>>> print(open('structure-v1.cif').read())   # mmCIF, C-alpha atoms
data_start
loop_
_atom_site.label_atom_id
_atom_site.label_comp_id
_atom_site.auth_asym_id
_atom_site.auth_seq_id
_atom_site.Cartn_x
_atom_site.Cartn_y
_atom_site.Cartn_z
CA MET Z 1 -8.45 42.03 -3.81
CA PRO Z 2 -5.64 39.89 -2.37
CA GLU Z 3 -4.18 36.98 -4.29
CA ALA Z 4 -4.88 34.63 -1.36
CA ILE Z 5 -6.23 34.33 2.13
CA VAL Z 6 -3.50 32.81 4.32
CA ILE Z 7 -4.30 31.27 7.70
CA THR Z 8 -2.33 29.71 10.53
CA PRO Z 9 -4.20 27.82 13.26
CA VAL Z 10 -2.28 28.15 16.54
CA LYS Z 11 -2.34 26.21 19.80
CA ASP Z 12 0.58 27.34 21.98
CA SER Z 13 3.99 26.12 20.67
CA ILE Z 14 4.85 29.81 20.60
CA ASP Z 15 8.49 29.43 19.46
CA THR Z 16 7.65 27.60 16.25
CA THR Z 17 4.55 29.75 15.75
CA LEU Z 18 6.62 32.94 15.77
CA ARG Z 19 9.03 31.39 13.27
CA THR Z 20 6.06 30.55 11.05
CA ILE Z 21 4.62 34.06 11.31
CA GLU Z 22 7.95 35.78 10.67
CA ALA Z 23 8.59 33.66 7.57
CA ILE Z 24 5.13 34.39 6.16
CA SER Z 25 5.58 38.11 6.78
CA LYS Z 26 8.63 38.07 4.46
CA SER Z 27 6.66 36.73 1.52
CA LYS Z 28 6.46 38.95 -1.55
CA ALA Z 29 2.94 37.86 -2.47
CA ASP Z 30 -0.20 39.95 -1.96
CA PHE Z 31 -2.34 38.24 0.68
CA GLU Z 32 -4.42 38.74 3.80
CA TYR Z 33 -3.10 36.84 6.81
CA PHE Z 34 -5.18 35.53 9.70
CA VAL Z 35 -3.86 33.71 12.77
CA PHE Z 36 -6.50 31.66 14.58
CA ASN Z 37 -5.58 31.34 18.25
CA ASP Z 38 -7.21 28.11 19.44
CA PHE Z 39 -7.18 28.53 23.23
CA SER Z 40 -3.47 29.10 23.73
CA THR Z 41 -2.38 30.00 27.26
CA ASP Z 42 -2.76 33.60 28.44
CA GLU Z 43 1.00 34.07 28.22
CA ASN Z 44 1.19 32.81 24.65
CA THR Z 45 -1.86 34.84 23.68
CA ARG Z 46 -0.04 37.95 24.88
CA GLU Z 47 2.92 36.97 22.69
CA LEU Z 48 0.58 36.66 19.71
CA GLU Z 49 -0.85 40.10 20.46
CA LYS Z 50 2.69 41.51 20.36
CA ALA Z 51 3.42 39.67 17.10
CA LYS Z 52 0.20 41.05 15.59
CA VAL Z 53 1.48 44.58 16.11
CA LYS Z 54 4.93 43.73 14.76
CA TYR Z 55 3.88 41.77 11.67
CA GLY Z 56 0.46 43.22 10.86
CA PHE Z 57 -1.71 40.10 10.66
CA THR Z 58 -5.26 39.73 11.95
CA LEU Z 59 -5.46 37.73 15.19
CA ILE Z 60 -8.68 35.84 15.85
CA ASN Z 61 -8.98 34.50 19.40
CA LEU Z 62 -11.38 31.59 19.24
CA SER Z 63 -12.03 31.90 22.99
CA GLU Z 64 -14.06 35.00 22.07
CA ILE Z 65 -16.17 33.00 19.59
CA THR Z 66 -16.72 29.51 21.03
CA ASN Z 67 -16.65 27.58 24.29
CA THR Z 68 -15.63 24.37 22.55
CA PRO Z 69 -12.17 23.23 23.71
CA SER Z 70 -9.29 22.96 21.24
CA PRO Z 71 -8.95 21.63 18.58
CA ASN Z 72 -11.45 23.76 16.66
CA TYR Z 73 -10.14 23.06 13.18
CA LYS Z 74 -13.63 22.71 11.69
CA LEU Z 75 -14.58 26.18 12.91
CA VAL Z 76 -11.31 27.61 11.61
CA LEU Z 77 -11.89 26.08 8.18
CA GLU Z 78 -15.48 27.33 8.05
CA MET Z 79 -14.44 30.89 8.89
CA ALA Z 80 -11.49 30.81 6.51
CA GLN Z 81 -13.59 29.46 3.65
CA LYS Z 82 -16.05 32.33 4.03
CA LYS Z 83 -13.21 34.88 3.99
CA ALA Z 84 -11.69 33.32 0.86
CA LEU Z 85 -14.98 33.16 -1.01
CA ALA Z 86 -15.84 36.74 -0.03
CA SER Z 87 -12.55 37.82 -1.63
CA ASN Z 88 -12.90 35.30 -4.49
CA CYS Z 89 -9.38 34.03 -3.90
CA PRO Z 90 -7.78 30.72 -2.86
CA LEU Z 91 -7.14 29.69 0.72
CA LEU Z 92 -3.61 28.85 1.85
CA ILE Z 93 -3.20 26.95 5.12
CA ILE Z 94 0.25 27.20 6.71
CA GLU Z 95 0.41 25.43 10.05
CA SER Z 96 2.28 26.69 13.08
CA ASP Z 97 5.10 24.17 12.80
CA VAL Z 98 6.04 25.11 9.22
CA VAL Z 99 8.60 27.66 8.04
CA ILE Z 100 8.14 28.75 4.44
CA LYS Z 101 10.56 30.49 2.08
CA ASN Z 102 10.13 33.99 0.66
CA ASP Z 103 8.84 32.66 -2.66
CA THR Z 104 6.68 29.77 -1.38
CA ILE Z 105 3.33 31.55 -1.57
CA GLU Z 106 4.02 33.02 -5.01
CA GLY Z 107 5.20 29.61 -6.21
CA LEU Z 108 2.09 27.76 -5.08
CA LEU Z 109 -0.15 30.46 -6.57
CA SER Z 110 1.73 30.14 -9.86
CA ILE Z 111 1.11 26.38 -9.95
CA LEU Z 112 -2.57 26.92 -9.17
CA ARG Z 113 -2.87 29.33 -12.11
CA MET Z 114 -1.00 26.90 -14.38
CA LYS Z 115 -3.04 23.82 -13.42
CA THR Z 116 -6.58 24.81 -14.33
CA ASN Z 117 -8.09 21.66 -12.80
CA ALA Z 118 -6.31 21.95 -9.45
CA GLY Z 119 -8.25 21.42 -6.26
CA MET Z 120 -5.26 21.55 -3.91
CA VAL Z 121 -1.56 22.39 -4.25
CA GLY Z 122 0.80 21.43 -1.43
CA ALA Z 123 4.45 22.23 -0.76
CA ILE Z 124 6.60 19.25 0.19
CA THR Z 125 8.01 19.24 3.72
CA ILE Z 126 11.62 18.74 4.78
CA ASP Z 127 13.47 18.39 8.07
CA GLU Z 128 16.38 20.56 9.18
CA THR Z 129 18.83 18.38 7.24
CA GLY Z 130 16.90 18.87 4.00
CA ASN Z 131 15.35 15.40 3.80
CA TYR Z 132 11.67 14.88 3.05
CA ASN Z 133 9.84 14.25 6.30
CA PHE Z 134 6.37 13.60 7.71
CA PRO Z 135 3.84 13.62 6.09
CA TYR Z 136 5.57 13.17 2.73
CA THR Z 137 8.02 10.38 3.49
CA PHE Z 138 6.44 8.36 0.66
CA GLU Z 139 8.49 10.56 -1.72
CA LYS Z 140 11.89 8.90 -1.85
CA ILE Z 141 13.67 10.73 -4.69
CA LYS Z 142 14.74 14.37 -4.37
CA ARG Z 143 13.63 16.03 -7.58
CA ALA Z 144 12.20 19.47 -8.35
CA GLU Z 145 8.93 18.45 -9.96
CA ILE Z 146 5.19 18.92 -9.60
CA ILE Z 147 3.29 15.68 -9.03
CA ASN Z 148 -0.37 14.99 -9.66
CA THR Z 149 -0.67 12.85 -6.57
CA SER Z 150 -3.12 10.19 -5.46
CA HIS Z 151 -1.87 10.58 -1.88
CA SER Z 152 -3.65 12.86 0.53
CA LEU Z 153 -2.15 16.31 0.97
CA SER Z 154 -1.45 17.52 4.46
CA PHE Z 155 -2.47 21.03 5.50
CA CYS Z 156 1.15 21.78 6.52
CA CYS Z 157 1.39 24.23 3.63
CA THR Z 158 -1.40 23.72 1.14
CA LEU Z 159 -3.40 25.95 -1.20
CA LEU Z 160 -7.09 25.27 -1.85
CA SER Z 161 -8.53 26.59 -5.09
CA VAL Z 162 -11.56 28.85 -5.36
CA SER Z 163 -13.30 26.19 -7.45
CA LEU Z 164 -12.92 23.60 -4.69
CA LEU Z 165 -14.05 26.10 -2.04
CA LYS Z 166 -17.17 26.88 -4.08
CA GLN Z 167 -18.09 23.23 -4.57
CA PHE Z 168 -17.45 21.85 -1.09
CA ASN Z 169 -18.97 23.54 1.94
CA PHE Z 170 -16.80 23.05 5.04
CA GLU Z 171 -19.89 23.37 7.24
CA THR Z 172 -20.71 19.81 6.16
CA LEU Z 173 -17.51 18.45 7.74
CA SER Z 174 -18.02 15.97 10.56
CA GLU Z 175 -18.31 17.26 14.11
CA ASN Z 176 -16.72 14.00 15.27
CA LYS Z 177 -13.32 14.59 13.69
CA ASP Z 178 -10.42 16.82 14.71
CA TRP Z 179 -8.42 17.02 11.46
CA PHE Z 180 -9.70 17.21 7.89
CA ASP Z 181 -6.80 17.24 5.44
CA VAL Z 182 -7.23 13.58 4.45
CA PHE Z 183 -11.00 13.91 4.04
CA ILE Z 184 -10.81 17.14 2.04
CA SER Z 185 -8.07 15.68 -0.17
CA LYS Z 186 -10.35 12.76 -1.00
CA GLN Z 187 -13.34 15.05 -1.51
CA SER Z 188 -11.33 17.16 -3.94
CA LYS Z 189 -10.62 14.07 -6.04
CA LYS Z 190 -14.25 12.95 -5.87
CA LEU Z 191 -15.32 16.31 -7.24
CA GLY Z 192 -13.07 15.78 -10.25
CA PHE Z 193 -10.13 17.96 -9.25
CA SER Z 194 -6.46 17.02 -9.29
CA ASN Z 195 -4.26 17.48 -6.22
CA TYR Z 196 -0.66 18.52 -6.80
CA LEU Z 197 2.39 18.12 -4.60
CA SER Z 198 5.16 20.57 -5.45
CA LYS Z 199 8.65 19.23 -4.87
CA GLN Z 200 9.87 22.51 -6.35
CA HIS Z 201 8.83 24.25 -3.13
CA GLU Z 202 10.28 22.80 0.06
CA VAL Z 203 9.17 24.06 3.47
CA LEU Z 204 10.66 23.24 6.84
CA HIS Z 205 8.34 21.12 8.99
CA LEU Z 206 8.82 20.65 12.74
CA PRO Z 207 6.15 17.98 13.30
CA HIS Z 208 3.71 17.99 16.21
CA SER Z 209 5.25 20.93 18.05
CA SER Z 210 1.81 21.93 19.27
CA ARG Z 211 0.88 18.35 20.14
CA PRO Z 212 4.06 16.80 21.61
CA TRP Z 213 2.18 13.72 22.79
CA LYS Z 214 1.93 12.68 19.11
CA HIS Z 215 5.64 11.88 19.07
CA LEU Z 216 4.60 8.70 20.88
CA LYS Z 217 3.39 7.49 17.48
CA TYR Z 218 7.02 6.95 16.52
CA LYS Z 219 8.58 6.18 19.90
CA ASN Z 220 5.85 3.99 21.41
CA PRO Z 221 3.05 3.37 18.87
CA ILE Z 222 1.11 1.03 21.18
CA LEU Z 223 0.88 3.70 23.87
CA TYR Z 224 0.04 6.33 21.23
CA TYR Z 225 -2.93 4.40 19.86
CA LEU Z 226 -4.07 3.55 23.38
CA LYS Z 227 -4.08 7.24 24.34
CA LYS Z 228 -5.72 8.15 21.07
CA PHE Z 229 -8.52 5.62 21.64
CA ILE Z 230 -9.12 6.34 25.33
CA SER Z 231 -8.92 10.13 25.06
CA LYS Z 232 -10.59 10.31 21.62
CA ARG Z 233 -7.68 12.35 20.38
CA ASP Z 234 -6.48 13.07 16.87
CA ARG Z 235 -9.63 11.94 15.08
CA ILE Z 236 -9.07 11.92 11.32
#
>>> encode(input="structure-v1.cif", output="structure tokens")
Amino acid sequence: MPEAIVITPVKDSIDTTLRTIEAISKSKADFEYFVFNDFSTDENTRELEKAKVKYGFTLINLSEITNTPSPNYKLVLEMAQKKALASNCPLLIIESDVVIKNDTIEGLLSILRMKTNAGMVGAITIDETGNYNFPYTFEKIKRAEIINTSHSLSFCCTLLSVSLLKQFNFETLSENKDWFDVFISKQSKKLGFSNYLSKQHEVLHLPHSSRPWKHLKYKNPILYYLKKFISKRDRI
């Protein structure tokens, strides 16, 4: 059995996606890797098919499974949870705008084994200059420590324990939301688990590469929230 099921949900942004995949392929850990292609363009889907051959992951094209337009994060989580439970191993989500280090997966698994009450273990994100960036800008002091955090963990690079997966069925997630990291973080705490943020394991985050319109949140927040409301985008 693998030590973990690793998944990357993908919607275009092929340059960062390939960086993500290449970095994961260099990991020393024992895992099964699935890339969920959420209605990328035909051209980018062909690039993923090439990468599948080169790096040896399993590519799941959601266009062959559902007619629901992207984002299909709920479906991805449901499918991934079933795979993890079938293998009785934790689920690691690494998004397509994140570049991990060779020891990231092993490090997060080590923390999960050490913290017997862990529901989730996340790696802190940095920008290309090495500073903490979105979504962990609330951490102001650079220090290699593991924090039992009351903040929500993002799914940028986050491990979900088998115990949490067994107690919370992702099929019960709302159909009216697009993203679930905040909700699942809160649910983990409600179920009595602790969520840990590892500042010992930094991963490069290139925010919103697959959703460039979200950069409006920082450049023009009024327009961002207007688009979000009118188009019913980015429902958390």
>>> resolve_selection(input="structure-v1.cif", expression="the PyMOL selection byres ((chain Z and resi 159) around 12)", output="VMD selection string")
chain Z and resid 3 to 7 81 84 89 to 95 104 to 113 118 to 123 153 to 158 160 to 165 181 184 to 185 195 to 198
>>> closest_residue(input="structure-v1.cif", among="Z:Thr17, Z:Asn117, Z:Ser27, Z:Asn67", to="Ala51 in chain Z", atoms="all atoms listed in the file")
Z:Thr17
>>> closest_residue(input="structure-v1.cif", among="Z:Asn102, Z:Thr116, Z:Ser25, Z:Thr68", to="Gly56 in chain Z", atoms="only C-alpha atoms")
Z:Ser25
>>> closest_residue(input="structure-v1.cif", among="Z:Asn148, Z:Lys186, Z:Asn61, Z:Ile100", to="Lys28 in chain Z", atoms="all atoms listed in the file")
Z:Ile100
>>> atom_distance(input="structure-v1.cif", atom1="CA of His201 in chain Z", atom2="CA of Thr125 in chain Z")
8.5 Å
>>> atom_distance(input="structure-v1.cif", atom1="CA of Val10 in chain Z", atom2="CA of Val182 in chain Z")
19.6 Å
>>> closest_residue(input="structure-v1.cif", among="Z:Glu175, Z:Pro207, Z:Gly192, Z:Gln200", to="Pro135 in chain Z", atoms="only C-alpha atoms")
Z:Pro207
>>> atom_distance(input="structure-v1.cif", atom1="CA of Ile141 in chain Z", atom2="CA of Thr8 in chain Z")
29.1 Å
>>> resolve_selection(input="structure-v1.cif", expression="the PyMOL selection byres ((chain Z and resi 72) around 12)", output="JSON, numbers by chain")
{"Z": [9, 10, 11, 36, 37, 38, 39, 40, 61, 62, 63, 65, 66, 67, 68, 69, 70, 71, 73, 74, 75, 76, 77, 78, 79, 174, 175, 176, 177, 178, 179, 180, 234]}
>>> residues_around(input="structure-v1.cif", residues="Glu139 in chain Z", least_positions_apart="5", cutoff="12 Å", atoms="all atoms listed in the file", output="list in words")
Ile124, Thr125, Ile126, Asn131, Tyr132, Asn133, Phe134, Ala144, Glu145, Ile146, Ile147, Thr149, His151, Leu197, Ser198 and Lys199 of chain Z
>>> resolve_selection(input="structure-v1.cif", expression="the PyMOL selection byres ((chain Z and resi 14) around 10)", output="PyMOL selection string")
chain Z and resi 10-13+15-20+40-41+43-45+47-48+96-97+209-210
>>> closest_residue(input="structure-v1.cif", among="Z:Lys101, Z:Lys115, Z:Lys140, Z:Lys83", to="Met1 in chain Z", atoms="only C-alpha atoms")
Z:Lys83
>>> axis_aligned_box(input="structure-v1.cif", around="range 171-182 of chain Z", padding_each_side="8 Å", output="lines of an AutoDock Vina configuration file")
center_x = -13.8
center_y = 18.5
center_z = 9.9
size_x = 29.9
size_y = 25.8
size_z = 26.8
>>> residues_around(input="structure-v1.cif", residues="Leu59 in chain Z", least_positions_apart="4", cutoff="7 Å", atoms="only C-alpha atoms", output="ChimeraX atom specification")
/Z:34-36,52
>>> closest_residue(input="structure-v1.cif", among="Z:Phe168, Z:Leu85, Z:Pro2, Z:Val98", to="Ile24 in chain Z", atoms="all atoms listed in the file")
Z:Val98
>>> build_atoms(input="structure-v1.cif", residues="range 61-73 of chain Z", atoms="N, CA and C atoms", output="CSV table (one decimal), keeping the file's coordinate frame")
chain,number,residue,atom,x,y,z
Z,61,ASN,N,-9.0,35.3,18.2
Z,61,ASN,CA,-9.0,34.5,19.4
Z,61,ASN,C,-10.3,33.7,19.5
Z,62,LEU,N,-10.2,32.4,19.3
Z,62,LEU,CA,-11.4,31.6,19.2
Z,62,LEU,C,-12.1,31.5,20.6
Z,63,SER,N,-11.4,31.9,21.7
Z,63,SER,CA,-12.0,31.9,23.0
Z,63,SER,C,-13.1,33.0,23.1
Z,64,GLU,N,-13.1,33.9,22.1
Z,64,GLU,CA,-14.1,35.0,22.1
Z,64,GLU,C,-15.3,34.6,21.2
Z,65,ILE,N,-15.1,33.4,20.5
Z,65,ILE,CA,-16.2,33.0,19.6
Z,65,ILE,C,-16.9,31.7,20.0
Z,66,THR,N,-16.2,30.8,20.7
Z,66,THR,CA,-16.7,29.5,21.0
Z,66,THR,C,-16.2,29.1,22.4
Z,67,ASN,N,-17.0,28.2,23.0
Z,67,ASN,CA,-16.6,27.6,24.3
Z,67,ASN,C,-16.1,26.2,24.1
Z,68,THR,N,-16.1,25.7,22.9
Z,68,THR,CA,-15.6,24.4,22.6
Z,68,THR,C,-14.1,24.3,22.7
Z,69,PRO,N,-13.6,23.3,23.5
Z,69,PRO,CA,-12.2,23.2,23.7
Z,69,PRO,C,-11.4,22.9,22.4
Z,70,SER,N,-10.2,23.3,22.4
Z,70,SER,CA,-9.3,23.0,21.2
Z,70,SER,C,-9.2,21.4,21.1
Z,71,PRO,N,-9.1,20.9,19.8
Z,71,PRO,CA,-9.0,21.6,18.6
Z,71,PRO,C,-10.3,22.0,18.0
Z,72,ASN,N,-10.3,23.2,17.3
Z,72,ASN,CA,-11.4,23.8,16.7
Z,72,ASN,C,-11.2,23.9,15.2
Z,73,TYR,N,-10.6,22.9,14.6
Z,73,TYR,CA,-10.1,23.1,13.2
Z,73,TYR,C,-11.3,23.2,12.3
